[in-house]
$ cat structure22.txt   # compact mmCIF, C-alpha atoms and all ligand atoms
# COMPACT_ATOMS: atom_id res chain seq x y z
CA MET A 7 0.00 0.00 0.00
CA ILE A 8 2.65 2.44 1.12
CA GLY A 9 4.65 1.42 -1.92
CA LYS A 10 1.84 2.61 -4.18
CA VAL A 11 1.39 5.94 -2.44
CA ARG A 12 5.02 6.95 -2.53
CA PRO A 13 5.34 8.07 -6.17
CA LEU A 14 2.36 10.37 -5.74
CA VAL A 15 3.86 11.86 -2.61
CA LEU A 16 7.15 12.33 -4.43
CA ALA A 17 5.49 14.03 -7.38
CA ALA A 18 3.60 16.36 -5.05
CA ALA A 19 6.80 17.18 -3.18
CA LEU A 20 8.56 18.02 -6.43
CA VAL A 21 5.75 20.37 -7.41
CA VAL A 22 5.85 22.10 -4.03
CA ALA A 23 9.62 22.44 -4.31
CA GLY A 24 9.24 24.04 -7.72
CA VAL A 25 11.14 21.26 -9.45
CA ALA A 26 10.08 20.88 -13.04
CA THR A 27 8.47 17.54 -13.75
CA ALA A 28 7.41 18.35 -17.28
CA GLY A 29 9.43 17.92 -20.46
CA PRO A 30 11.24 20.60 -22.40
CA ALA A 31 8.01 21.61 -24.14
CA GLU A 32 6.98 23.25 -20.87
CA ALA A 33 10.30 24.93 -20.12
CA ALA A 34 10.22 27.62 -17.45
CA THR A 35 10.10 31.21 -18.61
CA THR A 36 12.16 33.05 -16.01
CA LEU A 37 15.81 32.83 -15.03
CA GLY A 38 15.03 31.76 -11.47
CA ALA A 39 12.51 29.08 -12.39
CA SER A 40 14.69 27.71 -15.17
CA ALA A 41 17.72 27.58 -12.88
CA ALA A 42 15.61 25.90 -10.19
CA ALA A 43 14.68 23.18 -12.67
CA LYS A 44 18.41 22.49 -12.91
CA GLY A 45 18.86 22.56 -9.13
CA ARG A 46 20.48 26.00 -9.21
CA PHE A 47 19.73 29.56 -8.15
CA PHE A 48 19.92 32.57 -10.45
CA GLY A 49 20.40 35.83 -8.60
CA ALA A 50 21.22 39.51 -8.82
CA ALA A 51 23.01 42.09 -6.74
CA VAL A 52 20.42 44.49 -5.37
CA ALA A 53 20.72 48.11 -4.30
CA ASN A 54 18.32 49.12 -1.56
CA ASN A 55 17.78 52.60 -2.99
CA HIS A 56 16.23 51.16 -6.17
CA LEU A 57 13.75 48.79 -4.56
CA GLY A 58 11.13 51.53 -4.57
CA GLU A 59 11.25 51.72 -8.38
CA ALA A 60 8.43 49.51 -9.62
CA ALA A 61 10.12 48.32 -12.82
CA TYR A 62 13.28 47.44 -10.89
CA ALA A 63 11.48 45.52 -8.16
CA ASN A 64 9.14 43.83 -10.62
CA THR A 65 12.01 42.62 -12.80
CA LEU A 66 13.96 41.44 -9.77
CA ASP A 67 11.05 39.54 -8.28
CA ARG A 68 9.88 38.02 -11.55
CA GLU A 69 13.27 36.76 -12.74
CA PHE A 70 15.64 36.19 -9.81
CA ASN A 71 15.49 33.77 -6.88
CA SER A 72 18.70 34.86 -5.15
CA VAL A 73 19.64 38.30 -3.83
CA THR A 74 23.02 39.78 -2.87
CA PRO A 75 23.06 43.22 -1.24
CA GLU A 76 25.41 45.22 -3.49
CA ASN A 77 26.81 47.50 -0.76
CA GLU A 78 24.47 47.37 2.24
CA MET A 79 26.21 44.62 4.24
CA LYS A 80 29.73 45.99 3.81
CA TRP A 81 31.69 47.19 6.82
CA ASP A 82 31.30 50.92 6.14
CA ALA A 83 27.52 50.46 5.90
CA THR A 84 27.06 48.18 8.91
CA GLU A 85 29.61 49.41 11.48
CA PRO A 86 30.44 53.04 10.70
CA ASN A 87 31.75 53.59 14.23
CA PRO A 88 33.44 51.02 16.49
CA GLY A 89 30.82 48.67 17.89
CA GLN A 90 27.94 50.82 16.61
CA PHE A 91 25.96 48.80 14.08
CA THR A 92 23.50 50.17 11.54
CA PHE A 93 21.36 47.66 9.68
CA GLY A 94 18.51 49.67 8.16
CA ALA A 95 19.37 49.26 4.48
CA ALA A 96 20.56 45.66 4.86
CA ASP A 97 17.45 44.74 6.82
CA ASN A 98 15.30 46.22 4.07
CA ILE A 99 16.90 44.01 1.41
CA VAL A 100 16.73 40.95 3.65
CA ASN A 101 13.04 41.58 4.33
CA HIS A 102 12.36 42.08 0.63
CA ALA A 103 14.13 38.86 -0.29
CA ARG A 104 12.46 36.82 2.42
CA SER A 105 8.98 38.08 1.56
CA HIS A 106 9.58 37.16 -2.10
CA GLY A 107 11.04 33.73 -1.40
CA GLN A 108 14.52 34.72 -2.56
CA SER A 109 17.64 33.09 -1.16
CA LEU A 110 20.31 35.44 0.21
CA ARG A 111 24.06 35.72 -0.36
CA GLY A 112 25.72 37.88 2.31
CA HIS A 113 28.43 40.20 0.98
CA THR A 114 30.94 40.72 2.62
CA LEU A 115 32.39 40.42 6.13
CA VAL A 116 36.13 41.04 5.65
CA TRP A 117 37.46 43.13 2.75
CA HIS A 118 40.16 45.75 2.31
CA SER A 119 37.78 48.16 0.54
CA GLN A 120 34.75 50.08 1.81
CA LEU A 121 36.12 50.00 5.33
CA PRO A 122 35.18 52.85 7.64
CA GLY A 123 38.11 55.15 8.42
CA TRP A 124 38.49 53.91 12.00
CA VAL A 125 39.35 50.38 10.88
CA ASN A 126 42.17 51.68 8.70
CA GLN A 127 43.55 53.52 11.70
CA ILE A 128 43.85 50.47 13.94
CA SER A 129 47.53 50.20 14.72
CA THR A 130 48.08 46.73 16.13
CA GLY A 131 47.29 43.23 14.97
CA SER A 132 45.58 42.25 18.20
CA ALA A 133 43.28 45.28 18.07
CA LEU A 134 42.44 44.55 14.44
CA MET A 135 41.65 40.93 15.28
CA THR A 136 39.39 42.08 18.11
CA ALA A 137 37.61 44.42 15.71
CA MET A 138 37.22 41.63 13.16
CA GLN A 139 35.68 39.35 15.77
CA ARG A 140 33.19 41.98 16.90
CA HIS A 141 32.28 42.79 13.30
CA ILE A 142 31.70 39.19 12.23
CA ASN A 143 29.69 38.48 15.37
CA GLY A 144 27.68 41.65 14.86
CA VAL A 145 26.82 41.23 11.18
CA ALA A 146 26.73 37.45 10.66
CA GLY A 147 25.05 37.16 14.05
CA ARG A 148 22.34 39.65 13.09
CA TYR A 149 21.31 37.54 10.10
CA ARG A 150 21.97 34.16 11.67
CA GLY A 151 19.85 31.52 9.97
CA GLN A 152 18.80 33.80 7.09
CA ILE A 153 21.83 33.78 4.81
CA ALA A 154 22.43 30.81 2.53
CA TYR A 155 26.01 31.77 1.62
CA TRP A 156 28.32 34.39 3.12
CA ASP A 157 31.28 35.94 1.32
CA VAL A 158 33.38 35.77 4.47
CA VAL A 159 36.57 37.16 2.95
CA ASN A 160 36.64 39.13 -0.29
CA GLU A 161 39.55 39.84 -2.64
CA ALA A 162 42.43 39.03 -0.29
CA PHE A 163 44.83 37.94 -3.05
CA ALA A 164 46.98 40.22 -5.19
CA ASP A 165 46.80 40.45 -8.97
CA GLY A 166 49.83 39.64 -11.07
CA THR A 167 52.20 36.75 -11.12
CA GLY A 168 53.37 36.68 -7.51
CA GLY A 169 50.53 34.58 -6.16
CA GLY A 170 50.54 36.23 -2.74
CA LEU A 171 48.14 38.17 -0.58
CA ARG A 172 47.37 41.80 -1.39
CA SER A 173 48.88 44.53 0.74
CA SER A 174 46.11 46.01 2.91
CA ILE A 175 45.40 46.85 6.52
CA TRP A 176 44.83 43.12 7.03
CA THR A 177 48.20 41.91 5.79
CA GLN A 178 50.02 44.93 7.20
CA ARG A 179 48.75 44.25 10.72
CA LEU A 180 48.20 40.48 10.63
CA GLY A 181 50.77 39.23 8.17
CA PHE A 182 51.15 37.97 4.61
CA ASN A 183 49.83 34.55 5.45
CA THR A 184 46.32 33.14 5.51
CA GLY A 185 46.03 32.91 9.29
CA TRP A 186 43.68 35.88 9.59
CA ILE A 187 41.54 34.53 6.73
CA GLU A 188 41.30 31.22 8.56
CA GLN A 189 40.28 33.07 11.71
CA ALA A 190 37.54 34.95 9.81
CA PHE A 191 36.05 31.66 8.60
CA ARG A 192 36.14 30.16 12.08
CA LEU A 193 34.41 33.22 13.55
CA ALA A 194 31.78 33.22 10.81
CA ARG A 195 30.99 29.54 11.40
CA THR A 196 30.42 30.28 15.07
CA ALA A 197 28.31 33.37 14.38
CA ASP A 198 26.03 31.64 11.85
CA PRO A 199 26.53 27.86 11.90
CA ASN A 200 24.01 27.19 9.12
CA ALA A 201 25.40 29.61 6.55
CA LYS A 202 27.73 28.21 3.92
CA LEU A 203 30.98 30.14 3.95
CA CYS A 204 32.72 31.38 0.81
CA TYR A 205 35.98 32.93 -0.26
CA ASN A 206 35.23 35.39 -3.12
CA ASP A 207 37.58 37.03 -5.66
CA TYR A 208 37.98 38.41 -9.19
CA ASN A 209 40.52 37.57 -11.92
CA THR A 210 40.34 34.02 -10.67
CA ASP A 211 38.03 32.90 -13.49
CA GLY A 212 40.72 30.93 -15.33
CA GLN A 213 43.84 29.18 -14.15
CA ASN A 214 46.48 31.78 -13.33
CA ALA A 215 48.85 32.73 -10.52
CA LYS A 216 46.04 34.34 -8.52
CA SER A 217 43.55 31.47 -8.83
CA ASN A 218 46.38 29.01 -8.12
CA ALA A 219 47.09 30.83 -4.86
CA VAL A 220 43.41 30.73 -3.89
CA PHE A 221 43.32 27.05 -4.84
CA ASN A 222 46.26 26.29 -2.57
CA MET A 223 44.59 28.10 0.32
CA VAL A 224 41.30 26.24 -0.14
CA ARG A 225 43.11 22.90 -0.40
CA ASP A 226 44.99 23.68 2.80
CA PHE A 227 41.81 24.79 4.60
CA LYS A 228 39.96 21.63 3.58
CA ALA A 229 42.89 19.45 4.63
CA ARG A 230 43.03 21.04 8.08
CA GLY A 231 39.28 21.28 8.70
CA VAL A 232 39.03 25.06 8.43
CA PRO A 233 35.31 25.73 7.79
CA ILE A 234 35.14 26.77 4.14
CA ASP A 235 32.21 25.56 2.00
CA CYS A 236 32.40 27.52 -1.19
CA VAL A 237 34.46 29.63 -3.57
CA GLY A 238 32.93 32.58 -5.40
CA PHE A 239 34.18 33.56 -8.84
CA GLN A 240 33.15 37.14 -9.47
CA SER A 241 33.47 36.92 -13.26
CA HIS A 242 33.55 40.60 -14.14
CA LEU A 243 34.35 39.81 -17.76
CA ASN A 244 34.81 41.67 -21.02
CA ILE A 245 33.61 41.09 -24.53
CA ASN A 246 36.55 38.83 -25.43
CA GLY A 247 37.12 37.62 -21.95
CA VAL A 248 35.70 34.21 -20.98
CA PRO A 249 38.88 32.26 -20.29
CA GLY A 250 39.12 29.06 -22.31
CA ASP A 251 39.65 27.06 -19.15
CA TYR A 252 36.73 28.64 -17.28
CA GLN A 253 34.88 25.35 -16.73
CA ALA A 254 38.07 23.43 -15.92
CA ASN A 255 38.94 26.04 -13.31
CA LEU A 256 35.51 25.75 -11.65
CA GLN A 257 35.83 21.97 -11.72
CA ARG A 258 39.25 21.84 -10.08
CA PHE A 259 37.93 23.87 -7.15
CA ALA A 260 34.76 21.75 -6.94
CA ASN A 261 37.03 18.70 -6.79
CA LEU A 262 38.44 20.06 -3.51
CA GLY A 263 35.00 19.49 -1.96
CA VAL A 264 33.53 23.01 -2.05
CA ASP A 265 30.57 24.50 -3.86
CA VAL A 266 31.50 26.94 -6.61
CA GLN A 267 29.38 29.95 -7.53
CA ILE A 268 29.45 32.72 -10.11
CA THR A 269 28.94 35.61 -7.74
CA GLU A 270 29.21 38.94 -9.61
CA LEU A 271 28.75 38.10 -13.26
CA ASP A 272 28.72 40.91 -15.78
CA ILE A 273 30.17 40.88 -19.28
CA GLY A 274 30.94 44.19 -20.92
CA GLY A 275 30.12 44.74 -24.53
CA SER A 276 28.35 46.97 -27.00
CA ASN A 277 28.02 44.06 -29.46
CA PHE A 278 25.05 42.31 -27.92
CA THR A 279 25.46 39.16 -30.02
CA THR A 280 29.01 38.59 -28.81
CA GLN A 281 27.90 39.42 -25.29
CA ALA A 282 25.08 36.87 -25.52
CA ASN A 283 27.53 34.20 -26.67
CA ASN A 284 29.86 34.94 -23.77
CA TYR A 285 26.99 34.72 -21.29
CA ARG A 286 26.01 31.38 -22.81
CA THR A 287 29.55 30.07 -22.35
CA VAL A 288 29.64 31.05 -18.69
CA VAL A 289 26.23 29.61 -17.82
CA GLN A 290 26.89 26.39 -19.74
CA ALA A 291 30.20 25.97 -17.90
CA CYS A 292 28.44 26.32 -14.57
CA LEU A 293 25.75 23.83 -15.56
CA ASN A 294 28.46 21.37 -16.58
CA VAL A 295 29.93 21.44 -13.06
CA SER A 296 27.58 19.74 -10.63
CA ARG A 297 28.78 21.76 -7.64
CA CYS A 298 28.27 25.08 -9.45
CA ASN A 299 24.96 25.79 -7.80
CA ARG A 300 24.38 29.53 -8.15
CA ILE A 301 24.87 32.27 -10.72
CA VAL A 302 24.49 35.91 -9.70
CA THR A 303 24.65 38.89 -12.05
CA TRP A 304 26.10 42.06 -10.52
CA GLY A 305 22.94 44.08 -10.86
CA VAL A 306 19.53 43.93 -12.53
CA THR A 307 19.76 46.60 -15.23
CA ASP A 308 22.53 48.26 -17.23
CA LYS A 309 21.19 51.57 -15.95
CA TYR A 310 22.48 51.01 -12.43
CA SER A 311 25.50 48.82 -13.15
CA TRP A 312 28.79 49.81 -11.47
CA ARG A 313 30.11 49.91 -15.04
CA ALA A 314 27.01 51.16 -16.80
CA SER A 315 28.91 52.49 -19.81
CA SER A 316 29.85 48.95 -20.84
CA THR A 317 26.20 47.76 -20.65
CA PRO A 318 27.20 44.44 -19.07
CA LEU A 319 23.91 43.01 -17.74
CA LEU A 320 20.88 41.04 -18.97
CA PHE A 321 18.32 43.87 -18.90
CA ASP A 322 18.81 47.22 -20.61
CA GLY A 323 18.15 50.59 -19.05
CA ASN A 324 14.42 50.24 -19.72
CA PHE A 325 14.31 46.76 -18.18
CA ASN A 326 13.92 45.14 -21.60
CA LYS A 327 15.42 41.68 -22.05
CA LYS A 328 18.66 41.79 -24.03
CA PRO A 329 19.96 39.08 -26.38
CA ALA A 330 22.12 37.89 -23.48
CA TYR A 331 18.98 37.29 -21.43
CA ASN A 332 17.57 35.07 -24.16
CA SER A 333 20.78 33.09 -24.50
CA VAL A 334 21.00 32.53 -20.73
CA LEU A 335 17.38 31.41 -20.53
CA ALA A 336 17.89 29.06 -23.48
CA VAL A 337 20.93 27.43 -21.86
CA LEU A 338 19.15 27.06 -18.54
CA ASN A 339 16.27 25.34 -20.36
CA SER A 340 18.46 23.17 -22.57
O1 LIG B 1 28.93 47.50 -7.22
C1 LIG B 1 29.59 48.05 -6.10
C2 LIG B 1 29.64 49.57 -6.24
O2 LIG B 1 28.34 50.12 -6.11
C3 LIG B 1 30.56 50.15 -5.19
O3 LIG B 1 30.72 51.55 -5.41
C4 LIG B 1 31.91 49.45 -5.24
C5 LIG B 1 32.84 50.00 -4.19
O4 LIG B 1 34.04 49.29 -4.15
O5 LIG B 1 31.73 48.07 -5.02
C6 LIG B 1 30.99 47.49 -6.05
O6 LIG B 1 30.90 46.07 -5.87
C7 LIG B 1 32.13 45.36 -5.88
C8 LIG B 1 31.96 44.16 -4.98
O7 LIG B 1 31.54 44.57 -3.71
C9 LIG B 1 33.24 43.36 -4.90
N1 LIG B 1 33.73 42.99 -6.20
C10 LIG B 1 33.84 44.08 -7.17
C11 LIG B 1 32.51 44.83 -7.27
C12 LIG B 1 32.59 45.90 -8.36
O8 LIG B 1 33.51 46.87 -8.02

$ encode --input "structure22.txt" --output "structure tokens" --more "lines below"
Ligand code: 9MR
Amino acid sequence: MIGKVRPLVLAAALVVAGVATAGPAEAATTLGASAAAKGRFFGAAVANNHLGEAAYANTLDREFNSVTPENEMKWDATEPNPGQFTFGAADNIVNHARSHGQSLRGHTLVWHSQLPGWVNQISTGSALMTAMQRHINGVAGRYRGQIAYWDVVNEAFADGTGGGLRSSIWTQRLGFNTGWIEQAFRLARTADPNAKLCYNDYNTDGQNAKSNAVFNMVRDFKARGVPIDCVGFQSHLNINGVPGDYQANLQRFANLGVDVQITELDIGGSNFTTQANNYRTVVQACLNVSRCNRIVTWGVTDKYSWRASSTPLLFDGNFNKKPAYNSVLAVLNS
């Protein structure tokens, strides 16, 4: 008897979970739904000050099932003075996402940029470590249980061929080794035990000295039980810029036992056909890697992109779908 009931229960559960049970003839018609049918999320970076614009919010909520606050969870926004936390804008995005069933990526707890002035003036390593602990507890603790993935440390590695850490307040006070990064991950795990914890960087989208250095750190962390669950590849790319080994690079990280995510995707280009092809390449590469479980574009519309003049996103300034949108949707439904 139970044996007969089970398939029905399973089918019902799949429907509730939004998993497509139909064939390709009934392919989903939004980025989020199509990604969900492939067991992925498709998200966007969101700016709180645009949520009141109907076309912006409507496009976001129709198409995307993952949200990353573009600036609102950064240190300068959340702890402008020592120990004094301000969460208004971040709370607003979190509430919007939760009320629209969107999964959240937290961005970012420890970074060298967008720090309030007082952090840059901390003169000793022990004081900086104390500040880092208070900050991670304050911000990750505030959203405990609500964030699917946190970018715990952002952009710690230097560009170029050296393969080392970037010079910043962090390395200047705490050293050119990954000890302080390790500490950030341990603190984040304690502050929000259910969040998956990511290292996030740019120019790591193919195999190069920088991505090799990140790879070595992740391998070391996994070997020693440091709590890292994921690596984010920002993928701020240009018209001729999807590295040929993009998929292989994602796969080698996935093979270390972490999820991989495309976290800040945008591809510059005035030739929309070339741009659409590049988007297709990136999304197909992610789909080909089973642990690549989320793709996030760095914004909703070209109008508000951090590099608006290169029109790098899927919706134009009037929220119309661009050729790149159609190519992404087609790959997700393929
Ligand atoms: O898109 C963000 C922009 O509004 C800010 O002015 C800028 C400040 O550094 O940060 C941008 O987002 C960055 C992200 O946080 C980290 N990776 C690079 C992104 C583009 O600069």

$ residues_near_ligand --input "structure22.txt" --ligand "ligand LIG 1 (chain B)" --cutoff "10 Å" --atoms "only C-alpha atoms and all ligand atoms" --output "NGL selection string"
:A and (51-53 or 74-80 or 113-114 or 117-121 or 157 or 160-161 or 206-208 or 239-242 or 269-272 or 304-305 or 310-313)

$ closest_residue --input "structure22.txt" --among "A:Asn143, A:Thr287, A:Ser129, A:Ser340" --to "Trp176 in chain A" --atoms "all atoms listed in the file"
A:Ser129

$ closest_residue --input "structure22.txt" --among "A:Gly107, A:Gly250, A:Pro122, A:Gly169" --to "Gly49 in chain A" --atoms "only C-alpha atoms"
A:Gly107

$ atom_distance --input "structure22.txt" --atom1 "CA of Glu69 in chain A" --atom2 "CA of Ala291 in chain A"
20.7 Å

$ residues_near_point --input "structure22.txt" --point "(21.9, 41.5, -28.2)" --cutoff "9 Å" --atoms "all atoms listed in the file" --output "ChimeraX atom specification"
/A:276-282,327-332

$ residues_around --input "structure22.txt" --residues "Asp322 in chain A" --least-positions-apart "2" --cutoff "7 Å" --atoms "all atoms listed in the file" --output "PDB file with C-alpha atoms, in the coordinates of the input"
ATOM      1  CA  THR A 307      19.760  46.600 -15.230  1.00  0.00           C
ATOM      2  CA  ASP A 308      22.530  48.260 -17.230  1.00  0.00           C
ATOM      3  CA  LYS A 309      21.190  51.570 -15.950  1.00  0.00           C
ATOM      4  CA  LEU A 320      20.880  41.040 -18.970  1.00  0.00           C
ATOM      5  CA  ASN A 324      14.420  50.240 -19.720  1.00  0.00           C
ATOM      6  CA  PHE A 325      14.310  46.760 -18.180  1.00  0.00           C
ATOM      7  CA  ASN A 326      13.920  45.140 -21.600  1.00  0.00           C
ATOM      8  CA  LYS A 327      15.420  41.680 -22.050  1.00  0.00           C
ATOM      9  CA  LYS A 328      18.660  41.790 -24.030  1.00  0.00           C
TER      10      LYS A 328
END

$ closest_residue --input "structure22.txt" --among "A:Ser132, A:Asn255, A:Ser333, A:Gln90" --to "Arg179 in chain A" --atoms "all atoms listed in the file"
A:Ser132

$ residues_around --input "structure22.txt" --residues "Ala154 in chain A" --least-positions-apart "5" --cutoff "12 Å" --atoms "all atoms listed in the file" --output "ChimeraX atom specification"
/A:47,72-74,100,103-104,108-113,146,149,198-204,235-236,299-300

$ write_last_selection --input "structure22.txt" --atoms "C-alpha atoms" --output "PDB file, keeping the file's coordinate frame"
ATOM      1  CA  PHE A  47      19.730  29.560  -8.150  1.00  0.00           C
ATOM      2  CA  SER A  72      18.700  34.860  -5.150  1.00  0.00           C
ATOM      3  CA  VAL A  73      19.640  38.300  -3.830  1.00  0.00           C
ATOM      4  CA  THR A  74      23.020  39.780  -2.870  1.00  0.00           C
ATOM      5  CA  VAL A 100      16.730  40.950   3.650  1.00  0.00           C
ATOM      6  CA  ALA A 103      14.130  38.860  -0.290  1.00  0.00           C
ATOM      7  CA  ARG A 104      12.460  36.820   2.420  1.00  0.00           C
ATOM      8  CA  GLN A 108      14.520  34.720  -2.560  1.00  0.00           C
ATOM      9  CA  SER A 109      17.640  33.090  -1.160  1.00  0.00           C
ATOM     10  CA  LEU A 110      20.310  35.440   0.210  1.00  0.00           C
ATOM     11  CA  ARG A 111      24.060  35.720  -0.360  1.00  0.00           C
ATOM     12  CA  GLY A 112      25.720  37.880   2.310  1.00  0.00           C
ATOM     13  CA  HIS A 113      28.430  40.200   0.980  1.00  0.00           C
ATOM     14  CA  ALA A 146      26.730  37.450  10.660  1.00  0.00           C
ATOM     15  CA  TYR A 149      21.310  37.540  10.100  1.00  0.00           C
ATOM     16  CA  ASP A 198      26.030  31.640  11.850  1.00  0.00           C
ATOM     17  CA  PRO A 199      26.530  27.860  11.900  1.00  0.00           C
ATOM     18  CA  ASN A 200      24.010  27.190   9.120  1.00  0.00           C
ATOM     19  CA  ALA A 201      25.400  29.610   6.550  1.00  0.00           C
ATOM     20  CA  LYS A 202      27.730  28.210   3.920  1.00  0.00           C
ATOM     21  CA  LEU A 203      30.980  30.140   3.950  1.00  0.00           C
ATOM     22  CA  CYS A 204      32.720  31.380   0.810  1.00  0.00           C
ATOM     23  CA  ASP A 235      32.210  25.560   2.000  1.00  0.00           C
ATOM     24  CA  CYS A 236      32.400  27.520  -1.190  1.00  0.00           C
ATOM     25  CA  ASN A 299      24.960  25.790  -7.800  1.00  0.00           C
ATOM     26  CA  ARG A 300      24.380  29.530  -8.150  1.00  0.00           C
TER      27      ARG A 300
END

$ closest_residue --input "structure22.txt" --among "A:Gly181, A:Gly131, A:Gly58, A:Pro233" --to "Thr196 in chain A" --atoms "all atoms listed in the file"
A:Pro233

$ residues_near_point --input "structure22.txt" --point "(27.9, 29.8, -19.4)" --cutoff "10 Å" --atoms "only C-alpha atoms" --output "PyMOL selection string"
chain A and resi 248+252-253+268+282-294+301+333-334+337-338

$ atom_distance --input "structure22.txt" --atom1 "CA of Asn183 in chain A" --atom2 "CA of Phe163 in chain A"
10.4 Å

$ atom_distance --input "structure22.txt" --atom1 "CA of Ile273 in chain A" --atom2 "CA of Arg46 in chain A"
20.4 Å

$ closest_residue --input "structure22.txt" --among "A:Val237, A:Leu243, A:Leu57, A:Ala336" --to "Asp265 in chain A" --atoms "all atoms listed in the file"
A:Val237

$ decode --input "structure22.txt" --residues "range 68-74 of chain A" --atoms "all heavy atoms" --output "PDB file, in the first residue's frame"
ATOM      1  N   ARG A  68      10.348  38.958 -10.523  1.00  0.00           N
ATOM      2  CA  ARG A  68       9.876  38.021 -11.546  1.00  0.00           C
ATOM      3  C   ARG A  68      10.980  37.039 -11.947  1.00  0.00           C
ATOM      4  O   ARG A  68      10.743  35.853 -12.121  1.00  0.00           O
ATOM      5  CB  ARG A  68       9.426  38.813 -12.779  1.00  0.00           C
ATOM      6  CG  ARG A  68       8.760  37.950 -13.871  1.00  0.00           C
ATOM      7  CD  ARG A  68       8.489  38.758 -15.147  1.00  0.00           C
ATOM      8  NE  ARG A  68       9.724  39.099 -15.834  1.00  0.00           N
ATOM      9  CZ  ARG A  68      10.047  40.323 -16.251  1.00  0.00           C
ATOM     10  NH1 ARG A  68       9.231  41.337 -16.049  1.00  0.00           N
ATOM     11  NH2 ARG A  68      11.202  40.529 -16.867  1.00  0.00           N
ATOM     12  N   GLU A  69      12.216  37.548 -12.095  1.00  0.00           N
ATOM     13  CA  GLU A  69      13.270  36.764 -12.739  1.00  0.00           C
ATOM     14  C   GLU A  69      14.248  36.068 -11.796  1.00  0.00           C
ATOM     15  O   GLU A  69      14.839  35.065 -12.164  1.00  0.00           O
ATOM     16  CB  GLU A  69      14.088  37.667 -13.670  1.00  0.00           C
ATOM     17  CG  GLU A  69      13.285  38.252 -14.832  1.00  0.00           C
ATOM     18  CD  GLU A  69      12.940  37.215 -15.895  1.00  0.00           C
ATOM     19  OE1 GLU A  69      13.570  36.132 -15.924  1.00  0.00           O
ATOM     20  OE2 GLU A  69      12.027  37.494 -16.693  1.00  0.00           O
ATOM     21  N   PHE A  70      14.495  36.628 -10.620  1.00  0.00           N
ATOM     22  CA  PHE A  70      15.641  36.191  -9.809  1.00  0.00           C
ATOM     23  C   PHE A  70      15.193  35.533  -8.505  1.00  0.00           C
ATOM     24  O   PHE A  70      14.300  36.044  -7.828  1.00  0.00           O
ATOM     25  CB  PHE A  70      16.546  37.392  -9.504  1.00  0.00           C
ATOM     26  CG  PHE A  70      17.152  38.035 -10.734  1.00  0.00           C
ATOM     27  CD1 PHE A  70      16.530  39.121 -11.349  1.00  0.00           C
ATOM     28  CD2 PHE A  70      18.324  37.545 -11.288  1.00  0.00           C
ATOM     29  CE1 PHE A  70      17.086  39.718 -12.491  1.00  0.00           C
ATOM     30  CE2 PHE A  70      18.891  38.135 -12.422  1.00  0.00           C
ATOM     31  CZ  PHE A  70      18.269  39.222 -13.020  1.00  0.00           C
ATOM     32  N   ASN A  71      15.836  34.428  -8.143  1.00  0.00           N
ATOM     33  CA  ASN A  71      15.491  33.772  -6.881  1.00  0.00           C
ATOM     34  C   ASN A  71      16.648  33.780  -5.878  1.00  0.00           C
ATOM     35  O   ASN A  71      16.674  33.004  -4.937  1.00  0.00           O
ATOM     36  CB  ASN A  71      14.966  32.352  -7.126  1.00  0.00           C
ATOM     37  CG  ASN A  71      15.970  31.469  -7.850  1.00  0.00           C
ATOM     38  OD1 ASN A  71      17.084  31.884  -8.113  1.00  0.00           O
ATOM     39  ND2 ASN A  71      15.570  30.242  -8.152  1.00  0.00           N
ATOM     40  N   SER A  72      17.609  34.664  -6.106  1.00  0.00           N
ATOM     41  CA  SER A  72      18.699  34.858  -5.150  1.00  0.00           C
ATOM     42  C   SER A  72      19.048  36.350  -5.153  1.00  0.00           C
ATOM     43  O   SER A  72      19.018  36.989  -6.206  1.00  0.00           O
ATOM     44  CB  SER A  72      19.915  34.023  -5.568  1.00  0.00           C
ATOM     45  OG  SER A  72      21.050  34.328  -4.781  1.00  0.00           O
ATOM     46  N   VAL A  73      19.356  36.866  -3.975  1.00  0.00           N
ATOM     47  CA  VAL A  73      19.636  38.299  -3.830  1.00  0.00           C
ATOM     48  C   VAL A  73      20.943  38.486  -3.068  1.00  0.00           C
ATOM     49  O   VAL A  73      21.174  37.829  -2.048  1.00  0.00           O
ATOM     50  CB  VAL A  73      18.466  38.989  -3.083  1.00  0.00           C
ATOM     51  CG1 VAL A  73      18.897  40.308  -2.467  1.00  0.00           C
ATOM     52  CG2 VAL A  73      17.269  39.189  -4.015  1.00  0.00           C
ATOM     53  N   THR A  74      21.796  39.372  -3.576  1.00  0.00           N
ATOM     54  CA  THR A  74      23.021  39.781  -2.873  1.00  0.00           C
ATOM     55  C   THR A  74      22.960  41.294  -2.665  1.00  0.00           C
ATOM     56  O   THR A  74      22.862  42.037  -3.641  1.00  0.00           O
ATOM     57  CB  THR A  74      24.279  39.481  -3.712  1.00  0.00           C
ATOM     58  OG1 THR A  74      24.279  38.115  -4.128  1.00  0.00           O
ATOM     59  CG2 THR A  74      25.549  39.774  -2.913  1.00  0.00           C
TER      60      THR A  74
END
